[in-house]
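Written out below as structure tokens is the structure these notes cover.
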Amino acid sequence: MSLRCEISGETPEVPVVSPSSGCIFEKKILQQYLEEHKTDPITKEPLTIDQCIEIKASSIVKPKPPSATSIPAVLKILQDEWDSCMLTSFSLKKNLQTTRQELSHALYQHDAACRVISRLTKESNTAREALATLKPQATTVQAATHMQKMDVDQQQFVDNADDGEPIGISDEVKKSLLDKADVLTKKRKTRGKRLPEELASQDDIRRYTTSATHSGLHSASTPGILCIDLSNSRPERIITGGADKTAVIFDNNSEQIVTTLKGHSKKVTSVIYHPTEDVAITASPDSTIRVWNANNGSCSSIIKTHKAAVTGLSLHALGDYVLSSSDDKHWAFSDINTGKTFCRVTDNQVDSALTCTQFHPDGLILGTGHEDSQIKIWDLKSGDNVANFPGHSGPVVAMSFSENGYYLATGADDTTVKLWDLRKLKNFKTLVMEEVNGRGYQVKSLKFDQSGTYLSVAGSDVRVFLSKQWQELTRFTDHEDICTDVVFGKDAQFLASTSMDRKLKIYR
């Protein structure tokens, strides 16, 4: 049976029947008609598309148009289709070429934008450093007194200029050293094994995380913070030495730079903040040791006793004398107030540079680390080498005496930290540092806390060990580059570390 639409006269694709007239229509055509007239096309009675009944019929094949009933006509249709395809292909190729040009232009703009961002970031970092330098410096005196004090400091700086030649340790200085050692020994015996009440517990140490990160202390053009120390009398103050030839006094509470110490001609590799005074001491490969006013940044004296790079500093318990080591193979004992050197000592039988040094807590003996992996113990008053500790297989890079005076910790380029018993003069424990990211551990610094309960190690990361048991309590891996130094806060209530990534981190 053939169906035919009453309006178009053609076979409908979707046939529907009108209940009003009973005629068949193409649904699409009837819908358009009803939208305009609202009545049946035949009877003119009111009608809606919903009233129409759809006829279910098999798929209807429309007859070919008369133009496709011959071979020439079919070829004409195929030719038209081919022409249409070619036109579409040409249009697509043209659009593709335009899109490629736009993409190339966008990539060029992106690259230019990245260059601009990089330049602006560098300028921003430089501006921040300049702004930090220009921030008001903390002072505790009025302006007139401040200027007067600077004049005195500068005059003292001129007066304390010295050629660095040793003048010998006087009997008076020796007596003060002995008296101080007696006082410290008695105090240690009186205290016994009691630990400070406020000392952080092992669980506290394990829970420490990074609480603050400061990255704008030193120049971005010469990245790297190389050393750090804290003030005992003013725990909020931190001193750092950088590869940019400066040292910075930083207030951790206000997060502001107090002053910047400028004067060294090479990087600053060792720093000390005086435990009872606002005095800073710095050392550099420029072979000088400088003493500074930590409030206004003026240099009060320069110690020029060494002939090569200064590699280590240690302050005597009296607070008036500093110990230094150098690549010139000597250690020296100097007065920070006058800039005079009392003695400069070397071992003529050993042709090796000194890499680090440290006073024993009593202040009568000292230790030195050497490039040939040797560790030597010296008597300060006589300058005699009283003990040697062989055992490392690489240059010794760091050393620290425990507070009780019994133990010495040393670190070297052989990925180990060794513990030495000064009473038995032998190595009783070796900590082999685990690899980091498949590379051997690099030891750069180590320090006991003030009570001798904990030992911190800085290098490929920062680790804290419990003394006596020598078990690792925690490690910090937040730095993005090698860690250069680490120090405990008072009663181990926090740690601070520095790194070549130009960041100072605080852990609590």
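Identifiers in this document derive from the order of the structure tokens: chains are assigned A, B, ..., residues are numbered from 1 separately in each chain, and ligands are numbered from 1 in order of occurrence.
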
Report task. For segment 303-307 of chain A, work out the shell of residues within 7 Å, counting only C-alpha atoms and skipping chain neighbours fewer than 4 positions away, then give it as a VMD selection string. Result -> chain A and resid 162 to 165 287 to 290 326 328 339 to 341

Report task. Identify, on the basis of only C-alpha atoms, every residue whose closest approach to Lys56 of chain A does not exceed 12 Å; exclude the query and any residue fewer than 5 positions from it along the same chain; express the result as a list of chain:residue names. Result ->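 The filter keeps A:Leu3, A:Pro12, A:Glu13, A:Val14, A:Pro15, A:Val16, A:Val17.
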
Residues just named, written with N, CA and C atoms as a PDB file, in the first residue's frame:
ATOM      1  N   LEU A   3       1.453   5.224   0.587  1.00  0.00           N
ATOM      2  CA  LEU A   3       0.958   6.359   1.356  1.00  0.00           C
ATOM      3  C   LEU A   3       1.367   7.632   0.653  1.00  0.00           C
ATOM      4  N   PRO A  12       5.307  10.181   2.548  1.00  0.00           N
ATOM      5  CA  PRO A  12       5.789  10.762   3.822  1.00  0.00           C
ATOM      6  C   PRO A  12       6.822   9.865   4.509  1.00  0.00           C
ATOM      7  N   GLU A  13       7.798  10.508   5.170  1.00  0.00           N
ATOM      8  CA  GLU A  13       8.777   9.757   5.967  1.00  0.00           C
ATOM      9  C   GLU A  13       8.184   9.362   7.311  1.00  0.00           C
ATOM     10  N   VAL A  14       7.409  10.288   7.939  1.00  0.00           N
ATOM     11  CA  VAL A  14       6.717   9.991   9.192  1.00  0.00           C
ATOM     12  C   VAL A  14       5.226  10.278   8.946  1.00  0.00           C
ATOM     13  N   PRO A  15       4.477   9.275   8.542  1.00  0.00           N
ATOM     14  CA  PRO A  15       3.077   9.518   8.212  1.00  0.00           C
ATOM     15  C   PRO A  15       2.204   9.612   9.461  1.00  0.00           C
ATOM     16  N   VAL A  16       1.278  10.556   9.460  1.00  0.00           N
ATOM     17  CA  VAL A  16       0.278  10.675  10.523  1.00  0.00           C
ATOM     18  C   VAL A  16      -1.089  10.839   9.867  1.00  0.00           C
ATOM     19  N   VAL A  17      -2.151  10.428  10.603  1.00  0.00           N
ATOM     20  CA  VAL A  17      -3.506  10.546  10.077  1.00  0.00           C
ATOM     21  C   VAL A  17      -4.301  11.509  10.947  1.00  0.00           C
TER      22      VAL A  17
END

Query raised in the report: Can you list, as a ChimeraX atom specification, every protein, DNA or RNA residue that comes within 8 Å of Ser215 of chain A when you count only C-alpha atoms, leaving out same-chain residues fewer than 4 positions away?
Result: /A:502-504

Query raised in the report: Which one is closest to Arg234 of chain A: A:Lys76, A:His274, A:Lys444, A:Lys38? Count only C-alpha atoms.
Result: A:His274

So that each row is one residue of segment 289-333 of chain A with an atom at most 7 Å from segment 237-261 of chain A, can you give its shortest atom pair and the distance in Å to one decimal, using only C-alpha atoms, rows by chain and rising number, as CSV?
residue,atom,partner,partner_atom,distance
A:Ala294,CA,A:Ile249,CA,6.9
A:Asn295,CA,A:Thr259,CA,6.7
A:Asn296,CA,A:Thr259,CA,6.4
A:Gly297,CA,A:Leu261,CA,5.3

**Report entry** Atomic separation - atom CA of Leu323 of chain A relative to atom CA of Ser499 of chain A, Å
**Finding:** 24.7 Å

So that I can check the surroundings of segment 378-386 of chain A, please list as a short mmCIF file (atom, residue, chain, number, x, y, z; two decimals) with C-alpha atoms, in the first residue's frame every protein, DNA and RNA residue that reaches within 12 Å of it, counting only C-alpha atoms and ignoring chain neighbours fewer than 4 positions away.
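Result file is result_31.cif:
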data_model
loop_
_atom_site.label_atom_id
_atom_site.label_comp_id
_atom_site.auth_asym_id
_atom_site.auth_seq_id
_atom_site.Cartn_x
_atom_site.Cartn_y
_atom_site.Cartn_z
CA GLY A 168 102.02 35.40 73.40
CA ILE A 169 99.57 34.37 76.10
CA SER A 170 100.24 36.39 79.24
CA ASP A 171 100.12 34.91 82.75
CA GLU A 172 97.06 37.02 83.44
CA VAL A 173 95.19 35.51 80.48
CA LYS A 174 96.30 32.00 81.48
CA LYS A 175 95.01 32.59 85.02
CA SER A 176 91.63 33.77 83.71
CA LEU A 177 91.42 30.67 81.52
CA LEU A 178 92.14 28.38 84.48
CA HIS A 316 85.87 30.84 74.39
CA TYR A 321 88.67 35.30 72.99
CA VAL A 322 88.10 33.57 69.67
CA LEU A 323 89.67 30.45 68.19
CA HIS A 330 97.46 27.13 61.61
CA TRP A 331 95.01 27.63 64.43
CA ALA A 332 95.04 30.95 66.26
CA PHE A 333 93.86 32.30 69.62
CA SER A 334 92.90 36.00 69.51
CA PHE A 342 98.02 35.63 71.37
CA CYS A 343 99.29 32.56 69.55
CA ARG A 344 99.27 30.93 66.12
CA VAL A 345 100.07 27.22 66.13
CA THR A 346 100.72 24.53 63.53
CA ASP A 347 102.04 20.99 63.41
CA ASN A 348 105.20 21.11 61.32
CA GLN A 349 105.06 17.37 60.79
CA VAL A 350 101.65 17.53 59.10
CA THR A 357 87.96 23.93 64.98
CA GLN A 358 86.12 23.93 68.31
CA PHE A 359 86.81 24.80 71.96
CA HIS A 360 86.24 22.14 74.59
CA ASP A 362 86.12 23.94 79.74
CA GLY A 363 88.15 26.12 77.39
CA LEU A 364 91.57 24.63 78.16
CA ILE A 365 91.80 22.27 75.20
CA LEU A 366 90.57 22.50 71.64
CA GLY A 367 90.05 20.29 68.63
CA THR A 368 90.94 20.79 64.99
CA GLY A 369 89.80 18.92 61.88
CA LEU A 422 87.89 11.91 75.30
CA LEU A 425 90.80 8.52 73.53
#

Requested in this report: Show which residues sit within 8 Å of Leu473 of chain A, as a ChimeraX atom specification. Count only C-alpha atoms, and ignore same-chain residues fewer than 6 positions away.
Outcome: /A:202,205-206,463-466

Taking N, CA and C atoms for each residue, export the selection above as a PDB file, in the first residue's frame.
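Just written: again.pdb:
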ATOM      1  N   GLN A 202      61.974  13.915  73.729  1.00  0.00           N
ATOM      2  CA  GLN A 202      62.164  13.175  72.480  1.00  0.00           C
ATOM      3  C   GLN A 202      60.909  13.239  71.618  1.00  0.00           C
ATOM      4  N   ILE A 205      60.677  16.566  69.869  1.00  0.00           N
ATOM      5  CA  ILE A 205      61.576  16.619  68.711  1.00  0.00           C
ATOM      6  C   ILE A 205      60.964  15.880  67.526  1.00  0.00           C
ATOM      7  N   ARG A 206      60.385  14.730  67.792  1.00  0.00           N
ATOM      8  CA  ARG A 206      59.798  13.938  66.693  1.00  0.00           C
ATOM      9  C   ARG A 206      58.629  14.664  66.024  1.00  0.00           C
ATOM     10  N   ARG A 463      69.100  16.044  60.249  1.00  0.00           N
ATOM     11  CA  ARG A 463      68.719  14.909  61.084  1.00  0.00           C
ATOM     12  C   ARG A 463      69.059  15.208  62.545  1.00  0.00           C
ATOM     13  N   VAL A 464      68.265  14.651  63.442  1.00  0.00           N
ATOM     14  CA  VAL A 464      68.477  14.829  64.879  1.00  0.00           C
ATOM     15  C   VAL A 464      68.605  13.449  65.516  1.00  0.00           C
ATOM     16  N   PHE A 465      69.683  13.281  66.318  1.00  0.00           N
ATOM     17  CA  PHE A 465      69.947  12.017  66.990  1.00  0.00           C
ATOM     18  C   PHE A 465      69.880  12.220  68.500  1.00  0.00           C
ATOM     19  N   LEU A 466      69.514  11.171  69.203  1.00  0.00           N
ATOM     20  CA  LEU A 466      69.504  11.160  70.658  1.00  0.00           C
ATOM     21  C   LEU A 466      70.870  10.688  71.151  1.00  0.00           C
TER      22      LEU A 466
END

Report task. Please measure the separation of atom CA of Ile55 of chain A and atom CA of Gln31 of chain A, giving the value in Å to one decimal. Result ->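 If I compute the distance from atom CA of Ile55 of chain A to atom CA of Gln31 of chain A, I get 15.2 Å.
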